[in-house]
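*Asks:* Structure file entry.pdb (PDB, C-alpha atoms) right here:
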```
ATOM      1  CA  MET A   1     104.993  62.919 128.425
ATOM      2  CA  ASP A   2     107.962  61.986 126.254
ATOM      3  CA  ASP A   3     109.517  63.911 123.385
ATOM      4  CA  ASP A   4     107.543  62.037 120.741
ATOM      5  CA  ASP A   5     104.238  62.961 122.333
ATOM      6  CA  LEU A   6     105.310  66.561 122.681
ATOM      7  CA  ASP A   7     106.506  66.658 119.082
ATOM      8  CA  ALA A   8     103.094  65.331 118.057
ATOM      9  CA  PHE A   9     101.479  68.182 119.983
ATOM     10  CA  LEU A  10     103.703  70.704 118.293
ATOM     11  CA  ALA A  11     103.115  69.135 114.895
ATOM     12  CA  VAL A  12      99.390  69.689 115.313
ATOM     13  CA  ALA A  13     100.068  73.349 116.011
ATOM     14  CA  ARG A  14     102.445  73.564 113.057
ATOM     15  CA  ASP A  15      99.816  72.155 110.729
ATOM     16  CA  ASP A  16      97.207  74.486 112.119
ATOM     17  CA  ARG A  17      97.876  77.310 109.713
ATOM     18  CA  ARG A  18      95.234  79.700 110.777
ATOM     19  CA  GLU A  19      93.863  81.814 107.998
ATOM     20  CA  ALA A  20      93.809  85.505 108.585
ATOM     21  CA  PRO A  21      90.212  86.751 108.684
ATOM     22  CA  SER A  22      89.104  88.836 105.737
ATOM     23  CA  HIS A  23      88.425  91.915 107.844
ATOM     24  CA  LEU A  24      92.024  91.889 109.076
ATOM     25  CA  LEU A  25      93.369  91.451 105.541
ATOM     26  CA  ALA A  26      91.222  94.371 104.424
ATOM     27  CA  ARG A  27      92.565  96.558 107.230
ATOM     28  CA  VAL A  28      96.152  95.637 106.478
ATOM     29  CA  LEU A  29      95.690  96.225 102.766
ATOM     30  CA  ALA A  30      94.066  99.600 103.398
ATOM     31  CA  ASP A  31      97.078 100.603 105.507
ATOM     32  CA  ALA A  32      99.367  99.409 102.729
ATOM     33  CA  HIS A  33      97.657 101.537 100.131
ATOM     34  CA  ASP A  34      97.507 104.563 102.426
ATOM     35  CA  LEU A  35     101.231 104.444 103.094
ATOM     36  CA  GLN A  36     102.378 103.270  99.674
ATOM     37  CA  PRO A  37     104.663 105.710  97.909
ATOM     38  CA  VAL A  38     103.027 107.060  94.801
ATOM     39  CA  SER A  39     104.711 106.347  91.504
ATOM     40  CA  ALA A  40     106.650 109.339  90.315
ATOM     41  CA  PRO A  41     104.456 111.263  87.824
ATOM     42  CA  LEU A  42     105.781 112.099  84.420
ATOM     43  CA  SER A  43     107.591 115.346  85.027
ATOM     44  CA  LYS A  44     107.268 118.316  82.727
ATOM     45  CA  PRO A  45     110.418 119.140  80.793
ATOM     46  CA  ALA A  46     112.505 121.657  82.610
ATOM     47  CA  PRO A  47     112.181 125.152  81.155
ATOM     48  CA  LYS A  48     115.086 126.095  78.961
ATOM     49  CA  ARG A  49     117.426 128.725  80.194
ATOM     50  CA  PRO A  50     117.073 131.917  78.183
ATOM     51  CA  ASP A  51     119.834 132.215  75.636
ATOM     52  CA  ALA A  52     121.485 135.296  74.226
ATOM     53  CA  PHE A  53     118.746 135.867  71.636
ATOM     54  CA  TRP A  54     115.852 135.384  74.005
ATOM     55  CA  PHE A  55     115.233 139.111  74.454
ATOM     56  CA  ILE A  56     115.437 139.760  70.732
ATOM     57  CA  ARG A  57     112.977 136.980  69.995
ATOM     58  CA  GLN A  58     110.560 138.431  72.489
ATOM     59  CA  TRP A  59     110.418 141.822  70.830
ATOM     60  CA  VAL A  60     111.404 141.424  67.184
ATOM     61  CA  PRO A  61     108.952 139.632  64.900
ATOM     62  CA  ALA A  62     110.168 136.680  62.929
ATOM     63  CA  GLY A  63     109.796 138.590  59.613
ATOM     64  CA  ALA A  64     112.469 141.004  60.728
ATOM     65  CA  PHE A  65     114.906 138.129  60.973
ATOM     66  CA  ALA A  66     114.165 137.208  57.359
ATOM     67  CA  GLY A  67     114.974 140.739  56.203
ATOM     68  CA  LEU A  68     118.118 140.790  58.270
ATOM     69  CA  ALA A  69     119.259 137.499  56.767
ATOM     70  CA  THR A  70     118.617 138.786  53.244
ATOM     71  CA  ALA A  71     120.630 141.937  53.927
ATOM     72  CA  ALA A  72     123.473 139.865  55.334
ATOM     73  CA  LEU A  73     123.574 137.681  52.211
ATOM     74  CA  ALA A  74     123.511 140.698  49.966
ATOM     75  CA  GLY A  75     126.404 142.245  51.838
ATOM     76  CA  PHE A  76     128.336 139.042  51.609
ATOM     77  CA  TRP A  77     127.818 138.899  47.836
ATOM     78  CA  LEU A  78     128.834 142.518  47.338
ATOM     79  CA  GLY A  79     132.013 141.902  49.255
ATOM     80  CA  PHE A  80     133.152 138.978  47.130
ATOM     81  CA  ALA A  81     131.826 139.797  43.654
ATOM     82  CA  GLN A  82     134.350 141.204  41.150
ATOM     83  CA  PRO A  83     133.584 144.849  40.372
ATOM     84  CA  SER A  84     132.858 145.639  36.726
ATOM     85  CA  ALA A  85     133.661 148.911  34.944
ATOM     86  CA  LEU A  86     130.857 151.344  35.058
ATOM     87  CA  GLU A  87     129.805 152.859  31.806
ATOM     88  CA  TRP A  88     127.840 155.968  32.195
ATOM     89  CA  PRO A  89     125.710 157.178  29.313
ATOM     90  CA  GLY A  90     127.646 159.539  26.996
ATOM     91  CA  THR A  91     131.083 158.437  28.150
ATOM     92  CA  GLN A  92     131.774 155.861  25.482
ATOM     93  CA  ALA A  93     134.366 158.225  23.755
ATOM     94  CA  PRO A  94     137.970 157.693  24.855
ATOM     95  CA  LEU A  95     139.250 160.184  27.264
ATOM     96  CA  ASP A  96     142.030 162.498  26.040
ATOM     97  CA  MET A  97     145.270 162.425  27.918
ATOM     98  CA  VAL A  98     146.270 165.931  29.047
ATOM     99  CA  GLU A  99     149.694 166.592  30.416
ATOM    100  CA  LEU A 100     149.357 169.322  32.895
ATOM    101  CA  ILE A 101     153.058 169.294  33.626
ATOM    102  CA  PRO A 102     154.777 168.278  30.332
ATOM    103  CA  SER A 103     158.232 167.760  31.738
ATOM    104  CA  LEU A 104     160.209 168.503  34.776
ATOM    105  CA  ASP A 105     163.506 168.627  32.825
ATOM    106  CA  GLY A 106     163.397 172.349  32.225
ATOM    107  CA  TRP A 107     162.871 173.016  35.812
ATOM    108  CA  LEU A 108     165.708 170.877  36.950
ATOM    109  CA  THR A 109     168.342 172.245  34.555
ATOM    110  CA  GLU A 110     170.951 174.384  36.251
ATOM    111  CA  GLY A 111     172.029 177.365  34.297
TER     112      GLY A 111
ATOM    113  CA  MET B   1     102.171  92.269  86.975
ATOM    114  CA  PRO B   2      99.526  89.652  87.886
ATOM    115  CA  LEU B   3      99.350  88.382  91.453
ATOM    116  CA  ASP B   4     100.371  84.860  90.411
ATOM    117  CA  ASP B   5     103.588  86.140  88.889
ATOM    118  CA  LEU B   6     104.404  88.086  92.024
ATOM    119  CA  SER B   7     104.241  84.902  94.070
ATOM    120  CA  ASP B   8     107.531  83.855  92.479
ATOM    121  CA  LEU B   9     109.332  86.935  93.740
ATOM    122  CA  ASP B  10     111.263  86.767  96.984
ATOM    123  CA  ASP B  11     110.229  88.884  99.923
ATOM    124  CA  ALA B  12     112.754  91.668  99.427
ATOM    125  CA  ALA B  13     111.970  92.018  95.719
ATOM    126  CA  LEU B  14     108.282  92.192  96.496
ATOM    127  CA  LEU B  15     108.885  94.874  99.094
ATOM    128  CA  ALA B  16     110.954  96.850  96.603
ATOM    129  CA  ARG B  17     108.084  96.721  94.131
ATOM    130  CA  TYR B  18     105.718  97.906  96.837
ATOM    131  CA  ALA B  19     108.013 100.856  97.513
ATOM    132  CA  THR B  20     107.806 101.872  93.861
ATOM    133  CA  GLY B  21     104.029 102.082  93.983
ATOM    134  CA  ASP B  22     103.037  98.605  92.766
ATOM    135  CA  ARG B  23      99.615  97.998  94.296
ATOM    136  CA  MET B  24      99.615  94.304  93.430
ATOM    137  CA  ALA B  25     102.808  93.942  95.444
ATOM    138  CA  ALA B  26     100.969  95.413  98.427
ATOM    139  CA  ARG B  27      98.309  92.749  98.029
ATOM    140  CA  ALA B  28     100.834  89.944  97.636
ATOM    141  CA  LEU B  29     102.757  91.016 100.730
ATOM    142  CA  THR B  30      99.549  91.262 102.729
ATOM    143  CA  LEU B  31      98.499  87.742 101.766
ATOM    144  CA  ARG B  32     101.971  86.334 102.309
ATOM    145  CA  PHE B  33     102.772  87.741 105.721
ATOM    146  CA  THR B  34      99.582  88.586 107.566
ATOM    147  CA  PRO B  35      98.632  84.956 108.365
ATOM    148  CA  ARG B  36     102.137  84.182 109.623
ATOM    149  CA  VAL B  37     102.331  87.304 111.726
ATOM    150  CA  LEU B  38      98.864  86.707 113.095
ATOM    151  CA  GLY B  39      99.587  83.074 113.940
ATOM    152  CA  TYR B  40     102.772  83.952 115.792
ATOM    153  CA  ALA B  41     101.139  86.799 117.697
ATOM    154  CA  ALA B  42      98.187  84.603 118.623
ATOM    155  CA  ARG B  43     100.478  81.897 120.019
ATOM    156  CA  LEU B  44     102.309  84.431 122.137
ATOM    157  CA  LEU B  45      99.295  86.360 123.340
ATOM    158  CA  GLY B  46      96.637  83.703 123.603
ATOM    159  CA  ASP B  47      94.126  86.353 122.597
ATOM    160  CA  ARG B  48      92.902  86.408 119.034
ATOM    161  CA  ALA B  49      91.587  89.980 118.982
ATOM    162  CA  GLU B  50      94.748  91.348 120.525
ATOM    163  CA  ALA B  51      96.813  89.289 118.107
ATOM    164  CA  GLU B  52      94.986  90.905 115.188
ATOM    165  CA  ASP B  53      95.897  94.341 116.502
ATOM    166  CA  VAL B  54      99.527  93.321 116.835
ATOM    167  CA  ALA B  55      99.549  91.820 113.348
ATOM    168  CA  GLN B  56      98.118  94.989 111.838
ATOM    169  CA  GLU B  57     100.629  97.136 113.721
ATOM    170  CA  ALA B  58     103.540  94.954 112.583
ATOM    171  CA  MET B  59     102.421  95.149 108.965
ATOM    172  CA  LEU B  60     101.976  98.910 109.340
ATOM    173  CA  ARG B  61     105.609  99.185 110.347
ATOM    174  CA  LEU B  62     106.588  97.130 107.340
ATOM    175  CA  TRP B  63     104.784  99.547 105.012
ATOM    176  CA  ARG B  64     106.503 102.474 106.677
ATOM    177  CA  ILE B  65     109.980 101.057 106.394
ATOM    178  CA  ALA B  66     109.556  99.783 102.835
ATOM    179  CA  PRO B  67     111.004 102.860 101.052
ATOM    180  CA  ASP B  68     114.120 102.671 103.234
ATOM    181  CA  TRP B  69     114.479  98.888 103.174
ATOM    182  CA  ARG B  70     118.010  97.805 102.375
ATOM    183  CA  SER B  71     117.955  94.438 100.742
ATOM    184  CA  GLY B  72     120.449  91.925 102.092
ATOM    185  CA  GLU B  73     120.688  93.303 105.594
ATOM    186  CA  ALA B  74     117.789  91.291 107.019
ATOM    187  CA  GLN B  75     115.101  88.887 105.928
ATOM    188  CA  VAL B  76     111.669  90.455 105.770
ATOM    189  CA  ALA B  77     110.124  87.550 107.690
ATOM    190  CA  THR B  78     112.795  87.711 110.384
ATOM    191  CA  TRP B  79     112.291  91.439 110.721
ATOM    192  CA  LEU B  80     108.530  90.959 111.069
ATOM    193  CA  TYR B  81     108.898  88.253 113.704
ATOM    194  CA  ARG B  82     111.158  90.589 115.666
ATOM    195  CA  VAL B  83     108.628  93.410 115.442
ATOM    196  CA  VAL B  84     105.857  91.117 116.661
ATOM    197  CA  THR B  85     108.028  89.870 119.516
ATOM    198  CA  ASN B  86     108.742  93.433 120.609
ATOM    199  CA  LEU B  87     105.114  94.479 120.332
ATOM    200  CA  VAL B  88     104.000  91.521 122.412
ATOM    201  CA  THR B  89     106.708  92.207 124.976
ATOM    202  CA  ASP B  90     105.610  95.831 125.208
ATOM    203  CA  ARG B  91     102.026  94.773 125.800
ATOM    204  CA  ALA B  92     103.128  92.294 128.436
ATOM    205  CA  ARG B  93     105.007  95.042 130.216
ATOM    206  CA  MET B  94     101.977  97.304 130.212
ATOM    207  CA  ARG B  95      99.792  94.688 131.794
ATOM    208  CA  ARG B  96     101.125  91.498 133.230
ATOM    209  CA  ARG B  97      99.638  88.865 131.041
ATOM    210  CA  ARG B  98      97.362  86.272 132.543
ATOM    211  CA  PRO B  99      96.690  83.088 130.672
ATOM    212  CA  ALA B 100      93.532  83.431 128.675
ATOM    213  CA  THR B 101      92.878  79.788 129.372
ATOM    214  CA  SER B 102      94.235  77.224 131.752
ATOM    215  CA  LEU B 103      94.763  73.551 131.209
ATOM    216  CA  GLU B 104      91.544  72.904 133.071
ATOM    217  CA  ASP B 105      89.669  75.201 130.679
ATOM    218  CA  ALA B 106      90.593  73.105 127.654
ATOM    219  CA  PRO B 107      87.479  71.334 126.393
ATOM    220  CA  GLU B 108      86.951  67.690 127.060
ATOM    221  CA  ILE B 109      86.789  65.250 124.207
ATOM    222  CA  GLY B 110      83.242  64.683 123.063
ATOM    223  CA  ASP B 111      81.640  61.600 121.626
ATOM    224  CA  GLY B 112      80.670  61.461 117.974
ATOM    225  CA  GLN B 113      81.617  60.194 114.564
ATOM    226  CA  PRO B 114      85.244  59.121 113.927
ATOM    227  CA  GLY B 115      85.956  62.148 111.706
ATOM    228  CA  ALA B 116      84.373  64.530 114.123
ATOM    229  CA  GLU B 117      86.226  62.859 116.957
ATOM    230  CA  MET B 118      89.543  63.393 115.224
ATOM    231  CA  ARG B 119      88.757  67.043 114.654
ATOM    232  CA  LEU B 120      87.699  67.481 118.233
ATOM    233  CA  MET B 121      90.830  65.762 119.425
ATOM    234  CA  ALA B 122      92.998  68.037 117.295
ATOM    235  CA  ALA B 123      91.135  71.065 118.644
ATOM    236  CA  ASP B 124      91.632  69.774 122.175
ATOM    237  CA  ARG B 125      95.320  69.324 121.611
ATOM    238  CA  LEU B 126      95.651  72.845 120.244
ATOM    239  CA  ALA B 127      93.737  74.298 123.156
ATOM    240  CA  ALA B 128      95.832  72.343 125.625
ATOM    241  CA  LEU B 129      99.036  73.394 123.892
ATOM    242  CA  ASP B 130      98.012  77.061 123.893
ATOM    243  CA  ALA B 131      97.191  76.837 127.575
ATOM    244  CA  ALA B 132     100.527  75.155 128.310
ATOM    245  CA  LEU B 133     102.390  77.744 126.238
ATOM    246  CA  ALA B 134     100.702  80.492 128.201
ATOM    247  CA  CYS B 135     102.252  79.091 131.380
ATOM    248  CA  LEU B 136     105.804  79.479 130.051
ATOM    249  CA  PRO B 137     107.970  82.522 130.718
ATOM    250  CA  ASP B 138     107.855  84.994 127.823
ATOM    251  CA  ARG B 139     111.279  84.242 126.347
ATOM    252  CA  GLN B 140     110.787  80.479 126.543
ATOM    253  CA  ARG B 141     107.413  80.783 124.887
ATOM    254  CA  GLN B 142     108.821  82.931 122.096
ATOM    255  CA  ALA B 143     111.709  80.562 121.480
ATOM    256  CA  VAL B 144     109.542  77.431 121.495
ATOM    257  CA  VAL B 145     106.959  78.924 119.163
ATOM    258  CA  LEU B 146     109.564  80.207 116.721
ATOM    259  CA  ARG B 147     111.511  76.928 116.730
ATOM    260  CA  HIS B 148     108.857  74.256 116.901
ATOM    261  CA  ILE B 149     105.757  75.891 115.456
ATOM    262  CA  GLU B 150     107.023  78.555 113.059
ATOM    263  CA  GLY B 151     109.879  76.248 112.078
ATOM    264  CA  LEU B 152     112.715  78.787 112.127
ATOM    265  CA  ALA B 153     116.373  77.898 112.540
ATOM    266  CA  ASN B 154     118.216  78.741 115.737
ATOM    267  CA  PRO B 155     120.416  81.489 114.197
ATOM    268  CA  GLU B 156     117.309  83.179 112.860
ATOM    269  CA  ILE B 157     115.625  82.952 116.255
ATOM    270  CA  ALA B 158     118.751  84.373 117.857
ATOM    271  CA  GLU B 159     118.519  87.369 115.538
ATOM    272  CA  ILE B 160     114.839  87.862 116.303
ATOM    273  CA  LEU B 161     115.239  87.645 120.056
ATOM    274  CA  GLY B 162     118.546  89.487 120.119
ATOM    275  CA  ILE B 163     120.411  86.712 121.931
ATOM    276  CA  GLY B 164     123.044  84.106 121.110
ATOM    277  CA  VAL B 165     122.382  80.787 119.455
ATOM    278  CA  GLU B 166     123.368  78.901 122.613
ATOM    279  CA  ALA B 167     120.850  80.903 124.590
ATOM    280  CA  VAL B 168     118.192  79.958 122.044
ATOM    281  CA  GLU B 169     119.051  76.286 122.427
ATOM    282  CA  SER B 170     118.818  76.607 126.187
ATOM    283  CA  LEU B 171     115.485  78.424 126.007
ATOM    284  CA  THR B 172     113.914  75.901 123.656
ATOM    285  CA  ALA B 173     115.154  72.949 125.680
ATOM    286  CA  ARG B 174     113.812  74.356 128.942
ATOM    287  CA  GLY B 175     110.620  75.395 127.211
ATOM    288  CA  LYS B 176     110.013  71.919 125.882
ATOM    289  CA  ARG B 177     110.622  70.369 129.276
ATOM    290  CA  ALA B 178     108.171  72.793 130.849
ATOM    291  CA  LEU B 179     105.604  72.046 128.149
ATOM    292  CA  ALA B 180     105.993  68.315 128.650
ATOM    293  CA  ALA B 181     105.487  68.739 132.365
ATOM    294  CA  ALA B 182     102.408  70.911 131.872
ATOM    295  CA  LEU B 183     100.828  68.487 129.424
ATOM    296  CA  ALA B 184     101.798  65.294 131.238
ATOM    297  CA  GLY B 185      98.598  65.146 133.224
ATOM    298  CA  ARG B 186      96.464  65.283 130.092
ATOM    299  CA  ARG B 187      98.242  62.663 128.061
ATOM    300  CA  ALA B 188      95.427  60.118 128.171
ATOM    301  CA  ASP B 189      92.450  62.372 127.572
ATOM    302  CA  LEU B 190      94.209  64.016 124.638
ATOM    303  CA  GLY B 191      94.513  60.715 122.848
ATOM    304  CA  TYR B 192      98.046  59.616 123.689
ATOM    305  CA  GLY B 193      97.130  56.274 125.151
ATOM    306  CA  ASP B 194      97.041  55.056 128.697
ATOM    307  CA  ALA B 195      98.209  57.636 131.225
ATOM    308  CA  GLY B 196      99.698  54.864 133.254
ATOM    309  CA  GLY B 197     101.995  53.964 130.402
ATOM    310  CA  ALA B 198     103.442  57.445 130.078
ATOM    311  CA  ALA B 199     107.154  57.832 130.493
TER     312      ALA B 199
END
```
Please go through the file and, once you have read it, give me the structure as structure tokens.
*Replies:*
Amino acid sequence: MDDDDLDAFLAVARDDRREAPSHLLARVLADAHDLQPVSAPLSKPAPKRPDAFWFIRQWVPAGAFAGLATAALAGFWLGFAQPSALEWPGTQAPLDMVELIPSLDGWLTEG
Amino acid sequence: MPLDDLSDLDDAALLARYATGDRMAARALTLRFTPRVLGYAARLLGDRAEAEDVAQEAMLRLWRIAPDWRSGEAQVATWLYRVVTNLVTDRARMRRRRPATSLEDAPEIGDGQPGAEMRLMAADRLAALDAALACLPDRQRQAVVLRHIEGLANPEIAEILGIGVEAVESLTARGKRALAAALAGRRADLGYGDAGGAA
């Protein structure tokens, strides 16, 4: 048998693309699905680390924060506002100046 | 992604999609490689049922390695051929393989219609070739099948068999000579003209 004849033999085998039987394909596909990595599920957001006010928030109701903020604003305003003269009832008359020590000259004179 | 679109992807890209959980990629890879793996295993083993087991085992190893597959280091097909070769070699070591058929077992050509006759002749040639392949030493058979039936290049075969390219050339040349010798006596009854005219 020469090379041409042998090549013809081999060509027949090359063209003989045997189909895989359906039962084998099903087995292979079942293996594939069994071993396939699962897509990563959507992960829950990581819990936040507790901050400095975490403990306060746990135990102090939110309304208390509102009162605290109001007090802080009031204190801020009192600190910056110009003070005005107080006028008490019955004090509208000018105050008399009284010299309790009229002069020190007499005491300082040597004699 | 639909299966038709996946057919445009190369092997490594398809395997990467499989590793990310794409079930259509699993289907595409199964359809793409199982027939090739089965055909190669069947040529080496000469036993269809055993070849199916080897094909399933080779594909199983592909699924396992998919998450760790490093693209660019090897071709998926080459890697699969190597796995099949090793599996077949392991089976041959466990039990020394006897040819499932001999040249004498190949069916004779029957009479019938021209179309039927052509089909029968093709079947006869395949049976005779399988029987002749079964007579070759393991490495020669692997090299001949990979080169002349699976159509791989010599460097690729060298990678699969773990030998040099020159060794592949030597194996295929000796394998072809042995095949020619084994088939020489059946030249006429397999439709290659007068036996007396054979070279």
*Asks:* Excluding stretch 79-93 of chain B and any residue of its chain fewer than 6 positions from it, enumerate the residues within 7 Å of it, using all atoms listed in the file, and give them as a JSON list (two decimals) with C-alpha atoms, in the coordinates of the input.
*Replies:*
```json
[["chain", "number", "residue", "atom", "x", "y", "z"],
["B", 37, "VAL", "CA", 102.33, 87.30, 111.73],
["B", 41, "ALA", "CA", 101.14, 86.80, 117.70],
["B", 54, "VAL", "CA", 99.53, 93.32, 116.84],
["B", 58, "ALA", "CA", 103.54, 94.95, 112.58],
["B", 160, "ILE", "CA", 114.84, 87.86, 116.30],
["B", 161, "LEU", "CA", 115.24, 87.64, 120.06]]
```
*Asks:* Let me make sure I understand: among A:Pro37, A:Gly75, A:Pro21, A:Gly63, which one has the smallest atom-to-atom distance to chain B if we use only C-alpha atoms?
*Replies:*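 Among the listed residues, the smallest separation from chain B belongs to A:Pro37.
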*Asks:* Using all atoms listed in the file, determine which residues of chain A fall within 12 Å of chain B; present them as a count of residues only.
*Replies:* 41
*Asks:* Give me, please, the distance in Å between atom CA of B:Leu133 and atom CA of B:Leu146, quoted to one decimal.
*Replies:*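 Rounded to one decimal, the two atoms are 12.2 Å apart.
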*Asks:* How many Å separate atom CA of A:Phe80 from atom CA of A:Phe65?
*Replies:*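 Going from atom CA of A:Phe80 over to atom CA of A:Phe65, I get 22.9 Å.
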*Asks:* Between atom CA of B:Ala143 and atom CA of B:Leu171, what is the distance in Å, rounded to a tenth?
*Replies:*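 Separation between atom CA of B:Ala143 and atom CA of B:Leu171: 6.3 Å.
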*Asks:* Given the file above and the PyMOL selection byres ((chain B and resi 135) around 9), which residues are selected, and can you give them as a PyMOL selection string?
*Replies:* chain B and resi 98-99+102+130-134+136-138+141+178-179+182
*Asks:* Return as AutoDock Vina command-line options the box centre and box size in Å, one decimal, for an axis-aligned box around all listed atoms of stretch 169-173 of chain B padded by 8 Å per side.
*Replies:*
```
--center_x 116.5 --center_y 75.7 --center_z 124.3 --size_x 21.1 --size_y 21.5 --size_z 19.8
```
*Asks:* Have a look at B:Thr78, B:Ser7, B:Arg174, B:Glu73 and name the one nearest to B:Ala158; count all atoms listed in the file.
*Replies:*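 Looking only at the distances to B:Ala158, the closest residue turns out to be B:Thr78.
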